[in-house]
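The next block is target-v1.cif, given as mmCIF, C-alpha atoms.
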```cif
data_coords
#
loop_
_atom_site.label_atom_id
_atom_site.label_comp_id
_atom_site.auth_asym_id
_atom_site.auth_seq_id
_atom_site.Cartn_x
_atom_site.Cartn_y
_atom_site.Cartn_z
CA MET A 1 -98.58 -34.19 -30.43
CA LYS A 2 -99.10 -37.92 -30.22
CA ASN A 3 -97.07 -40.18 -32.47
CA ILE A 4 -98.91 -41.28 -35.58
CA ASP A 5 -97.60 -44.18 -37.65
CA HIS A 6 -95.99 -43.25 -40.96
CA LEU A 7 -98.47 -43.54 -43.87
CA SER A 8 -101.47 -44.17 -41.59
CA ILE A 9 -104.84 -42.53 -42.18
CA ILE A 10 -106.87 -41.48 -39.16
CA ASP A 11 -110.14 -39.67 -38.53
CA SER A 12 -109.95 -35.94 -37.86
CA THR A 13 -108.81 -35.34 -34.28
CA PHE A 14 -112.00 -33.37 -33.60
CA ASN A 15 -115.32 -32.93 -35.29
CA VAL A 16 -118.42 -30.83 -34.98
CA ASP A 17 -121.78 -32.59 -35.26
CA TYR A 18 -123.74 -29.94 -37.17
CA SER A 19 -127.07 -31.53 -36.19
CA ASN A 20 -126.59 -30.60 -32.53
CA GLY A 21 -123.44 -28.44 -32.42
CA VAL A 22 -121.52 -30.86 -30.20
CA ILE A 23 -117.72 -30.92 -30.59
CA LYS A 24 -116.19 -34.36 -30.14
CA GLY A 25 -112.55 -35.19 -29.48
CA LYS A 26 -109.94 -35.22 -26.73
CA ASN A 27 -109.49 -32.28 -24.36
CA VAL A 28 -112.82 -30.64 -25.21
CA ASN A 29 -113.69 -28.54 -22.15
CA LYS A 30 -117.35 -27.82 -21.47
CA ALA A 31 -118.73 -25.13 -19.21
CA LYS A 32 -122.25 -23.90 -18.45
CA LYS A 33 -123.07 -20.52 -17.02
CA TYR A 34 -126.30 -20.11 -15.09
CA LEU A 35 -127.92 -16.85 -14.07
CA LYS A 36 -126.55 -17.25 -10.53
CA ASP A 37 -123.02 -17.31 -11.99
CA LEU A 38 -123.52 -13.83 -13.44
CA PRO A 39 -124.23 -11.47 -10.54
CA ASN A 40 -123.74 -7.75 -11.02
CA ILE A 41 -123.50 -7.78 -14.81
CA PHE A 42 -127.15 -6.88 -15.51
CA ARG A 43 -128.45 -3.43 -14.67
CA HIS A 44 -131.75 -4.52 -13.14
CA GLY A 45 -130.81 -6.08 -9.81
CA ASP A 46 -134.50 -6.35 -8.88
CA ALA A 47 -135.41 -8.31 -11.99
CA PHE A 48 -132.30 -10.48 -11.55
CA SER A 49 -133.14 -11.40 -7.95
CA LYS A 50 -136.69 -12.43 -8.86
CA MET A 51 -135.54 -14.81 -11.60
CA ASP A 52 -134.55 -18.49 -11.33
CA GLY A 53 -130.82 -18.59 -10.58
CA ASP A 54 -130.64 -21.98 -12.29
CA ALA A 55 -131.70 -20.57 -15.67
CA LEU A 56 -129.06 -21.61 -18.23
CA ILE A 57 -127.67 -18.48 -19.88
CA TYR A 58 -124.77 -19.75 -21.97
CA GLU A 59 -122.68 -22.82 -22.74
CA VAL A 60 -119.09 -23.00 -23.97
CA GLN A 61 -117.19 -25.86 -25.60
CA ALA A 62 -113.46 -25.26 -26.01
CA ILE A 63 -110.72 -27.33 -27.59
CA LEU A 64 -107.47 -26.81 -25.71
CA PRO A 65 -104.88 -28.97 -27.53
CA VAL A 66 -101.96 -27.41 -25.63
CA ASP A 67 -101.58 -25.96 -22.15
CA GLU A 68 -102.92 -22.46 -21.58
CA GLY A 69 -100.06 -19.98 -21.70
CA ILE A 70 -98.07 -21.80 -24.40
CA GLU A 71 -96.92 -19.35 -27.13
CA GLY A 72 -97.74 -20.28 -30.72
CA GLY A 73 -100.68 -22.62 -30.05
CA LEU A 74 -104.35 -21.98 -30.70
CA PHE A 75 -107.65 -22.73 -28.98
CA TYR A 76 -111.02 -23.18 -30.68
CA GLY A 77 -114.43 -22.75 -29.13
CA LYS A 78 -118.14 -22.69 -29.70
CA THR A 79 -120.56 -20.74 -27.52
CA ILE A 80 -124.34 -20.90 -27.33
CA ILE A 81 -126.19 -18.04 -25.63
CA HIS A 82 -129.81 -18.87 -24.92
CA PRO A 83 -132.50 -16.27 -25.66
CA GLY A 84 -133.89 -14.18 -22.83
CA LYS A 85 -133.65 -10.94 -20.89
CA VAL A 86 -133.10 -9.71 -17.36
CA GLY A 87 -135.55 -6.81 -17.30
CA ASP A 88 -134.96 -5.07 -20.62
CA GLU A 89 -131.35 -6.28 -20.95
CA TYR A 90 -130.53 -9.24 -23.17
CA TYR A 91 -128.71 -12.36 -21.94
CA MET A 92 -124.97 -11.96 -22.49
CA THR A 93 -121.56 -13.35 -21.61
CA LYS A 94 -119.32 -12.02 -18.83
CA GLY A 95 -116.92 -10.42 -21.30
CA HIS A 96 -113.18 -10.00 -20.97
CA PHE A 97 -109.96 -8.46 -22.15
CA HIS A 98 -107.18 -10.92 -22.84
CA GLN A 99 -104.67 -11.35 -20.03
CA LYS A 100 -101.91 -10.92 -22.62
CA ILE A 101 -103.78 -7.90 -23.85
CA ASP A 102 -102.30 -7.63 -27.36
CA ARG A 103 -103.71 -11.05 -28.37
CA ALA A 104 -106.44 -11.04 -31.05
CA GLU A 105 -109.38 -13.40 -31.63
CA PHE A 106 -111.74 -14.39 -34.46
CA TYR A 107 -115.48 -14.92 -33.87
CA TRP A 108 -117.95 -16.17 -36.49
CA GLY A 109 -121.71 -16.31 -36.29
CA ILE A 110 -123.29 -19.77 -36.80
CA GLU A 111 -126.95 -19.57 -35.74
CA GLY A 112 -129.29 -16.91 -34.42
CA THR A 113 -128.80 -13.17 -34.18
CA GLY A 114 -126.72 -11.26 -31.70
CA MET A 115 -124.35 -8.44 -31.05
CA LEU A 116 -120.64 -8.48 -30.37
CA LEU A 117 -119.96 -5.69 -27.89
CA LEU A 118 -116.43 -4.33 -28.16
CA MET A 119 -114.73 -1.84 -25.87
CA ASP A 120 -111.33 -0.25 -26.30
CA GLN A 121 -109.04 0.83 -23.46
CA LYS A 122 -110.44 4.39 -23.62
CA ARG A 123 -113.81 2.79 -22.77
CA ASN A 124 -115.44 3.44 -26.14
CA THR A 125 -118.01 0.68 -26.66
CA TRP A 126 -119.57 -0.33 -29.97
CA GLY A 127 -121.51 -3.26 -31.37
CA GLU A 128 -121.02 -5.51 -34.40
CA LYS A 129 -124.02 -7.43 -35.68
CA MET A 130 -123.75 -11.22 -35.42
CA TYR A 131 -125.64 -13.56 -37.73
CA PRO A 132 -124.96 -16.79 -39.65
CA GLY A 133 -121.91 -15.94 -41.76
CA SER A 134 -120.81 -12.85 -39.82
CA LEU A 135 -117.08 -12.87 -39.20
CA HIS A 136 -115.39 -10.66 -36.62
CA TYR A 137 -111.76 -9.80 -36.04
CA ILE A 138 -111.28 -8.76 -32.42
CA ASP A 139 -108.03 -6.86 -32.33
CA GLY A 140 -105.74 -6.97 -29.32
CA PHE A 141 -106.48 -4.45 -26.55
CA ILE A 142 -110.26 -4.76 -27.16
CA ALA A 143 -112.65 -6.21 -24.55
CA HIS A 144 -115.38 -8.42 -26.00
CA ARG A 145 -118.79 -9.64 -24.86
CA THR A 146 -121.56 -11.30 -26.85
CA VAL A 147 -125.30 -10.72 -26.55
CA ASN A 148 -128.26 -12.74 -27.88
CA ILE A 149 -130.78 -10.26 -29.32
CA GLY A 150 -133.08 -12.88 -30.90
CA ASP A 151 -135.74 -15.37 -29.86
CA THR A 152 -133.59 -18.41 -30.66
CA PRO A 153 -130.15 -19.57 -29.43
CA LEU A 154 -127.18 -17.55 -30.68
CA SER A 155 -124.22 -19.76 -31.49
CA PHE A 156 -120.82 -18.66 -32.68
CA GLY A 157 -117.34 -20.06 -33.13
CA ALA A 158 -114.05 -18.63 -31.91
CA CYS A 159 -110.32 -19.10 -32.42
CA TRP A 160 -107.72 -17.47 -30.17
CA PRO A 161 -104.04 -17.81 -29.23
CA SER A 162 -103.22 -20.30 -26.45
CA ASP A 163 -101.24 -17.62 -24.61
CA ALA A 164 -104.04 -15.01 -24.66
CA GLY A 165 -105.64 -15.86 -21.32
CA HIS A 166 -108.73 -14.14 -19.94
CA ASN A 167 -108.91 -11.01 -17.80
CA TYR A 168 -112.48 -11.12 -16.48
CA GLN A 169 -111.70 -8.98 -13.43
CA GLU A 170 -111.47 -5.66 -15.27
CA ILE A 171 -115.02 -6.12 -16.60
CA MET A 172 -116.34 -7.44 -13.27
CA ASP A 173 -114.96 -4.32 -11.58
CA ASN A 174 -115.83 -1.66 -14.14
CA GLY A 175 -118.22 -3.23 -16.63
CA PHE A 176 -118.57 -2.14 -20.21
CA SER A 177 -119.36 1.54 -20.88
CA GLY A 178 -122.39 0.52 -22.97
CA ARG A 179 -125.34 -1.80 -22.43
CA LEU A 180 -127.59 -3.43 -24.97
CA ILE A 181 -131.25 -3.16 -24.01
CA GLU A 182 -134.52 -3.75 -25.82
CA VAL A 183 -136.52 -0.61 -26.63
CA ASP A 184 -139.79 -0.99 -28.58
CA GLY A 185 -138.77 -4.52 -29.52
CA LYS A 186 -135.39 -3.45 -30.93
CA PRO A 187 -131.86 -3.56 -29.51
CA LYS A 188 -130.42 -0.20 -28.47
CA LEU A 189 -126.90 0.43 -27.20
CA ILE A 190 -127.04 2.88 -24.32
CA ALA A 191 -124.42 4.44 -22.05
CA ASN A 192 -123.85 2.51 -18.85
CA MET B 1 -108.12 -0.85 -35.60
CA LYS B 2 -110.22 1.94 -37.02
CA ASN B 3 -111.99 4.32 -34.63
CA ILE B 4 -115.63 3.46 -34.08
CA ASP B 5 -117.97 6.01 -32.48
CA HIS B 6 -118.98 5.28 -28.91
CA LEU B 7 -122.35 3.47 -28.74
CA SER B 8 -122.56 2.94 -32.49
CA ILE B 9 -123.75 -0.32 -34.04
CA ILE B 10 -122.07 -1.50 -37.24
CA ASP B 11 -122.25 -4.53 -39.49
CA SER B 12 -119.72 -7.29 -38.90
CA THR B 13 -116.36 -6.28 -40.37
CA PHE B 14 -116.39 -9.40 -42.55
CA ASN B 15 -118.95 -11.95 -43.59
CA VAL B 16 -119.12 -15.22 -45.44
CA ASP B 17 -121.88 -15.66 -48.01
CA TYR B 18 -122.73 -19.32 -47.42
CA SER B 19 -124.51 -19.58 -50.78
CA ASN B 20 -121.25 -19.15 -52.70
CA GLY B 21 -118.51 -19.18 -50.04
CA VAL B 22 -117.32 -15.65 -50.82
CA ILE B 23 -115.78 -13.69 -47.93
CA LYS B 24 -116.55 -9.97 -48.03
CA GLY B 25 -114.75 -7.20 -46.17
CA LYS B 26 -111.60 -5.10 -46.22
CA ASN B 27 -108.18 -6.67 -46.79
CA VAL B 28 -109.50 -9.96 -48.10
CA ASN B 29 -106.69 -11.38 -50.26
CA LYS B 30 -107.59 -13.73 -53.07
CA ALA B 31 -105.27 -16.07 -54.89
CA LYS B 32 -105.80 -18.75 -57.51
CA LYS B 33 -103.40 -21.59 -58.23
CA TYR B 34 -103.40 -23.14 -61.68
CA LEU B 35 -101.75 -26.41 -62.67
CA LYS B 36 -98.86 -24.48 -64.23
CA ASP B 37 -98.17 -22.91 -60.78
CA LEU B 38 -97.58 -26.36 -59.30
CA PRO B 39 -94.65 -27.93 -61.16
CA ASN B 40 -92.79 -30.80 -59.58
CA ILE B 41 -95.31 -31.59 -56.87
CA PHE B 42 -97.09 -34.42 -58.69
CA ARG B 43 -95.30 -37.70 -59.30
CA HIS B 44 -96.41 -38.20 -62.91
CA GLY B 45 -94.48 -35.60 -64.90
CA ASP B 46 -95.76 -37.13 -68.15
CA ALA B 47 -99.41 -36.80 -67.18
CA PHE B 48 -98.74 -33.28 -65.85
CA SER B 49 -97.14 -32.08 -69.08
CA LYS B 50 -100.05 -33.37 -71.20
CA MET B 51 -102.66 -31.50 -69.14
CA ASP B 52 -103.94 -27.93 -69.54
CA GLY B 53 -101.67 -25.69 -67.48
CA ASP B 54 -104.58 -23.26 -67.06
CA ALA B 55 -106.68 -25.80 -65.14
CA LEU B 56 -107.74 -24.18 -61.86
CA ILE B 57 -106.55 -26.38 -58.98
CA TYR B 58 -107.26 -24.34 -55.87
CA GLU B 59 -108.43 -20.93 -54.66
CA VAL B 60 -107.63 -19.18 -51.39
CA GLN B 61 -109.35 -16.26 -49.68
CA ALA B 62 -107.52 -14.86 -46.67
CA ILE B 63 -108.38 -12.12 -44.21
CA LEU B 64 -105.22 -10.35 -43.09
CA PRO B 65 -106.38 -7.68 -40.61
CA VAL B 66 -102.81 -6.92 -39.46
CA ASP B 67 -99.43 -7.03 -41.18
CA GLU B 68 -97.84 -10.42 -41.65
CA GLY B 69 -95.22 -10.95 -38.94
CA ILE B 70 -97.09 -9.09 -36.19
CA GLU B 71 -97.15 -11.14 -32.97
CA GLY B 72 -100.52 -11.72 -31.32
CA GLY B 73 -102.73 -11.22 -34.40
CA LEU B 74 -104.62 -13.85 -36.36
CA PHE B 75 -105.42 -14.57 -40.00
CA TYR B 76 -108.47 -16.40 -41.31
CA GLY B 77 -108.82 -18.18 -44.61
CA LYS B 78 -110.98 -20.35 -46.79
CA THR B 79 -109.61 -22.67 -49.45
CA ILE B 80 -111.39 -24.50 -52.25
CA ILE B 81 -109.60 -27.39 -53.97
CA HIS B 82 -111.29 -28.46 -57.16
CA PRO B 83 -111.73 -32.17 -57.90
CA GLY B 84 -109.32 -33.89 -60.25
CA LYS B 85 -106.15 -35.91 -60.58
CA VAL B 86 -102.77 -35.76 -62.28
CA GLY B 87 -102.39 -39.38 -63.31
CA ASP B 88 -103.48 -41.31 -60.21
CA GLU B 89 -102.60 -38.50 -57.79
CA TYR B 90 -105.31 -36.21 -56.46
CA TYR B 91 -105.23 -32.41 -56.80
CA MET B 92 -103.59 -30.89 -53.73
CA THR B 93 -102.06 -27.72 -52.31
CA LYS B 94 -98.35 -26.94 -52.29
CA GLY B 95 -98.04 -27.55 -48.56
CA HIS B 96 -95.77 -25.83 -46.08
CA PHE B 97 -94.21 -25.66 -42.65
CA HIS B 98 -94.66 -22.36 -40.87
CA GLN B 99 -91.71 -19.98 -41.14
CA LYS B 100 -91.93 -19.51 -37.37
CA ILE B 101 -92.09 -23.25 -37.08
CA ASP B 102 -93.68 -23.56 -33.62
CA ARG B 103 -96.88 -21.79 -34.76
CA ALA B 104 -100.05 -23.90 -34.85
CA GLU B 105 -103.14 -23.69 -37.10
CA PHE B 106 -106.77 -24.86 -37.06
CA TYR B 107 -108.47 -26.27 -40.19
CA TRP B 108 -112.14 -27.21 -40.43
CA GLY B 109 -113.92 -29.05 -43.23
CA ILE B 110 -116.86 -27.22 -44.84
CA GLU B 111 -117.78 -29.04 -48.05
CA GLY B 112 -116.61 -32.11 -49.91
CA THR B 113 -114.21 -34.83 -48.80
CA GLY B 114 -110.46 -34.66 -48.54
CA MET B 115 -107.36 -35.52 -46.64
CA LEU B 116 -105.12 -33.35 -44.53
CA LEU B 117 -101.58 -34.63 -45.04
CA LEU B 118 -99.34 -33.93 -42.07
CA MET B 119 -95.58 -34.49 -41.82
CA ASP B 120 -93.40 -34.06 -38.76
CA GLN B 121 -89.74 -33.03 -38.83
CA LYS B 122 -88.66 -36.68 -38.80
CA ARG B 123 -90.54 -36.99 -42.11
CA ASN B 124 -93.32 -39.21 -40.81
CA THR B 125 -96.40 -38.46 -42.94
CA TRP B 126 -99.99 -39.30 -42.03
CA GLY B 127 -103.47 -38.28 -43.16
CA GLU B 128 -106.51 -36.96 -41.34
CA LYS B 129 -109.89 -37.32 -43.03
CA MET B 130 -111.58 -34.03 -43.97
CA TYR B 131 -115.37 -33.74 -44.32
CA PRO B 132 -118.06 -31.23 -43.34
CA GLY B 133 -117.61 -30.82 -39.58
CA SER B 134 -114.09 -32.25 -39.37
CA LEU B 135 -111.85 -30.10 -37.20
CA HIS B 136 -108.08 -30.35 -37.21
CA TYR B 137 -105.44 -28.98 -34.86
CA ILE B 138 -102.17 -28.67 -36.72
CA ASP B 139 -99.51 -28.44 -34.05
CA GLY B 140 -96.36 -26.41 -34.52
CA PHE B 141 -93.45 -28.15 -36.28
CA ILE B 142 -95.87 -30.07 -38.56
CA ALA B 143 -95.98 -29.51 -42.34
CA HIS B 144 -99.50 -29.52 -43.81
CA ARG B 145 -101.00 -30.07 -47.26
CA THR B 146 -104.62 -30.68 -48.26
CA VAL B 147 -105.91 -33.07 -50.91
CA ASN B 148 -109.34 -33.34 -52.56
CA ILE B 149 -110.25 -37.03 -52.72
CA GLY B 150 -113.84 -36.52 -53.92
CA ASP B 151 -115.74 -35.66 -57.09
CA THR B 152 -116.86 -32.25 -55.81
CA PRO B 153 -114.95 -29.20 -54.54
CA LEU B 154 -113.32 -29.56 -51.13
CA SER B 155 -113.62 -26.39 -49.08
CA PHE B 156 -112.21 -25.78 -45.63
CA GLY B 157 -111.58 -22.90 -43.26
CA ALA B 158 -108.37 -22.02 -41.44
CA CYS B 159 -107.17 -19.78 -38.63
CA TRP B 160 -103.49 -19.17 -37.93
CA PRO B 161 -101.23 -16.69 -36.10
CA SER B 162 -100.22 -13.56 -38.03
CA ASP B 163 -96.55 -14.21 -37.22
CA ALA B 164 -96.56 -17.83 -38.48
CA GLY B 165 -95.45 -17.16 -42.05
CA HIS B 166 -95.08 -19.86 -44.72
CA ASN B 167 -92.04 -21.96 -45.50
CA TYR B 168 -92.89 -23.45 -48.91
CA GLN B 169 -89.27 -24.01 -49.88
CA GLU B 170 -88.67 -27.03 -47.66
CA ILE B 171 -91.56 -28.88 -49.34
CA MET B 172 -90.56 -27.67 -52.83
CA ASP B 173 -87.08 -29.06 -52.23
CA ASN B 174 -87.87 -32.31 -50.45
CA GLY B 175 -91.61 -32.91 -50.82
CA PHE B 176 -93.68 -34.88 -48.38
CA SER B 177 -92.59 -38.45 -47.57
CA GLY B 178 -96.05 -39.74 -48.50
CA ARG B 179 -98.33 -39.30 -51.51
CA LEU B 180 -102.07 -39.80 -51.75
CA ILE B 181 -103.01 -41.72 -54.87
CA GLU B 182 -106.18 -43.42 -56.08
CA VAL B 183 -106.04 -47.24 -56.14
CA ASP B 184 -109.18 -49.14 -57.17
CA GLY B 185 -111.21 -45.98 -56.72
CA LYS B 186 -109.99 -45.40 -53.15
CA PRO B 187 -107.35 -43.09 -51.68
CA LYS B 188 -104.14 -44.78 -50.54
CA LEU B 189 -101.22 -43.12 -48.81
CA ILE B 190 -97.98 -44.47 -50.25
CA ALA B 191 -94.32 -43.77 -49.57
CA ASN B 192 -92.82 -41.10 -51.82
#
```
Rewritten as structure tokens:
Amino acid sequence: MKNIDHLSIIDSTFNVDYSNGVIKGKNVNKAKKYLKDLPNIFRHGDAFSKMDGDALIYEVQAILPVDEGIEGGLFYGKTIIHPGKVGDEYYMTKGHFHQKIDRAEFYWGIEGTGMLLLMDQKRNTWGEKMYPGSLHYIDGFIAHRTVNIGDTPLSFGACWPSDAGHNYQEIMDNGFSGRLIEVDGKPKLIAN
Amino acid sequence: MKNIDHLSIIDSTFNVDYSNGVIKGKNVNKAKKYLKDLPNIFRHGDAFSKMDGDALIYEVQAILPVDEGIEGGLFYGKTIIHPGKVGDEYYMTKGHFHQKIDRAEFYWGIEGTGMLLLMDQKRNTWGEKMYPGSLHYIDGFIAHRTVNIGDTPLSFGACWPSDAGHNYQEIMDNGFSGRLIEVDGKPKLIAN
């Protein structure tokens, strides 16, 4: 932590502009995921290949005040998933277990409506509804993916340990055991 | 974590009612701190002893999904500090280092205006402004206390590791090396 003069008063090290959701401050990482960055996660390969690969699916801002892997630190993030579907399947994130698999995470819904898909190591998958004010404890050993089921952007916050890391490979190789599709205008969680 | 049926959809395990700030869900701990619970933290003992000991100073709601002390889990909380002063010193929390002192914490301002007082182990104290949207990374090894400097309740959220613990004793014994008092209607951080 940088040295601060004794008895000085400073602005908060970070802040969120609620009018546009932008996080300001040092070491705020920003990433955008386009459709072309998400091959093989949607079930309708035909629909996927006909769509614009440059369609923006989700955006992540993450505050990383310490190096990844440090024990005892925390990271903080905000994700926006744009509304849309590939075939009948809603836009969603890649999803991951934590690399240090016992590490937990909190998510909280800010805007829009969505679903937090959770999968345990026995490959049971379930969904928790996300909405402004929803608050989700993601226990260790649980893979997590978020899905926008509405017509407007889904945004949510997150806080996780700096030594959690991300294991995306397990989900890239084996997926989740459930998929969230739209049936008669409503989300339905079906077996993969 | 409780067993959830495969392919089931459930409500979020917790939620925050933004109209009144109440967190709902299992294992939400609630605590209230009255003036009489905070002896010896304000500098004006005379003013303190003339005030109503049953005045509500601050309220904490905390989600503790795992046992305190478990490594890898997280806790989530929301604190409201009511407006007021003891003499010229603003209402504030007790303040603490973490028991496992290298553990970090995030705070974020929700309503009202305040100051996050931070003190390192060399007893340098400084303040970070709190306001709706302010976001604060409290590094390990840094004591933290919050102060309401406004005329309305200050509320803020927090996320911290489940093995951090609280060391209140160090602050009870030695205090912070700075105090936030009102001078000409404005907050000023003075040496203790």
Would you write out, as CSV, a table of all residues in chain A that have an atom no more than 6 Å from an atom of chain B, listing for each the closest atom pair and the distance in Å to one decimal, considering all atoms listed in the file and ordering rows by chain and rising residue number?
```
residue,atom,partner,partner_atom,distance
A:His6,CA,B:Asn124,CA,4.8
A:Leu7,CA,B:Trp126,CA,4.9
A:Ser8,CA,B:Trp126,CA,5.1
A:Ile9,CA,B:Gly127,CA,4.6
A:Ile10,CA,B:Glu128,CA,5.0
A:Asp11,CA,B:Lys129,CA,5.1
A:Ser12,CA,B:Glu128,CA,5.0
A:Thr13,CA,B:His136,CA,5.8
A:Phe14,CA,B:Leu135,CA,4.9
A:Asn15,CA,B:Ser134,CA,4.3
A:Val16,CA,B:Gly133,CA,4.7
A:Gly72,CA,B:Arg103,CA,4.4
A:Gly73,CA,B:Ala104,CA,5.0
A:Asp102,CA,B:Gly72,CA,6.0
A:Arg103,CA,B:Gly72,CA,4.4
A:Ala104,CA,B:Gly73,CA,5.0
A:Asn124,CA,B:His6,CA,4.9
A:Thr125,CA,B:His6,CA,5.2
A:Trp126,CA,B:Leu7,CA,4.9
A:Gly127,CA,B:Ile9,CA,4.6
A:Glu128,CA,B:Ser12,CA,5.0
A:Lys129,CA,B:Asp11,CA,5.1
A:Gly133,CA,B:Val16,CA,4.7
A:Ser134,CA,B:Asn15,CA,4.3
A:Leu135,CA,B:Asn15,CA,4.9
A:His136,CA,B:Thr13,CA,5.8
A:Leu189,CA,B:Leu7,CA,5.7
```
Exercise. What is the distance between CA of His166 (chain A) and CA of Gly95 (chain A), in Å to one decimal?
Worked result: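 Separation between CA of His166 (chain A) and CA of Gly95 (chain A): 9.1 Å.
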ask   = Any idea what's packed within 9 Å of Tyr90 (chain A), counting all atoms listed in the file, ignoring anything in its chain fewer than 5 positions away? Could you give it as a ChimeraX atom specification?
value = /A:42,83-85,147-150,180-182,187
So that I can check the surroundings of Gln61 (chain B), please list as a PyMOL selection string every protein, DNA and RNA residue that reaches within 8 Å of it, counting only C-alpha atoms and ignoring chain neighbours fewer than 2 positions away.
chain B and resi 23+28-31+59+63+77-79
So how far away is CA of His44 (chain A) from CA of Met92 (chain A), in Å?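 Distance reported for this atom pair: 13.7 Å.
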| Got a sec: who's within 7 Å of Ile171 (chain A), counting only C-alpha atoms, leaving out chain neighbours fewer than 4 positions off, as a PyMOL selection string? | chain A and resi 95-96+175-176
Generate the output file for the selected residues, C-alpha atoms, as a PDB file, in the frame of the given file.
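Saved file part00.pdb follows:
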```pdb
ATOM      1  CA  GLY A  95    -116.920 -10.420 -21.300  1.00  0.00           C
ATOM      2  CA  HIS A  96    -113.180 -10.000 -20.970  1.00  0.00           C
ATOM      3  CA  GLY A 175    -118.220  -3.230 -16.630  1.00  0.00           C
ATOM      4  CA  PHE A 176    -118.570  -2.140 -20.210  1.00  0.00           C
TER       5      PHE A 176
END
```
Exercise for review: Could you jot down the CA of Ala55 (chain A) to CA of Lys36 (chain A) separation for me, Å, one decimal place?
Suggested key: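 Taking CA of Ala55 (chain A) as the start and CA of Lys36 (chain A) as the end point, the length is 8.0 Å.
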Axis-aligned box for region 50-66 of chain A, 8 Å per side, centre and edges in Å as AutoDock Vina command-line options:
```
--center_x -119.3 --center_y -20.7 --center_z -18.2 --size_x 50.7 --size_y 32.5 --size_z 34.7
```
Reference answer for the PyMOL selection byres ((chain B and resi 34) around 7), as a PDB file with C-alpha atoms, in the frame of the given file:
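Wrote it out as part11.pdb, contents follow:
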```pdb
ATOM      1  CA  LYS B  32    -105.800 -18.750 -57.510  1.00  0.00           C
ATOM      2  CA  LYS B  33    -103.400 -21.590 -58.230  1.00  0.00           C
ATOM      3  CA  LEU B  35    -101.750 -26.410 -62.670  1.00  0.00           C
ATOM      4  CA  LYS B  36     -98.860 -24.480 -64.230  1.00  0.00           C
ATOM      5  CA  ASP B  37     -98.170 -22.910 -60.780  1.00  0.00           C
ATOM      6  CA  GLY B  53    -101.670 -25.690 -67.480  1.00  0.00           C
ATOM      7  CA  ASP B  54    -104.580 -23.260 -67.060  1.00  0.00           C
ATOM      8  CA  ALA B  55    -106.680 -25.800 -65.140  1.00  0.00           C
ATOM      9  CA  LEU B  56    -107.740 -24.180 -61.860  1.00  0.00           C
ATOM     10  CA  ILE B  57    -106.550 -26.380 -58.980  1.00  0.00           C
TER      11      ILE B  57
END
```
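Taking all atoms listed in the file into account, Ile81 (chain B) lies nearest to B:Thr152 out of the set B:Asn192, B:Thr152, B:Asn40, B:Gln169.
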- Check what the PyMOL selection byres ((chain A and resi 47-50) around 6) selects in the file above and give those residues as a PyMOL selection string. chain A and resi 44-46+51+86-87
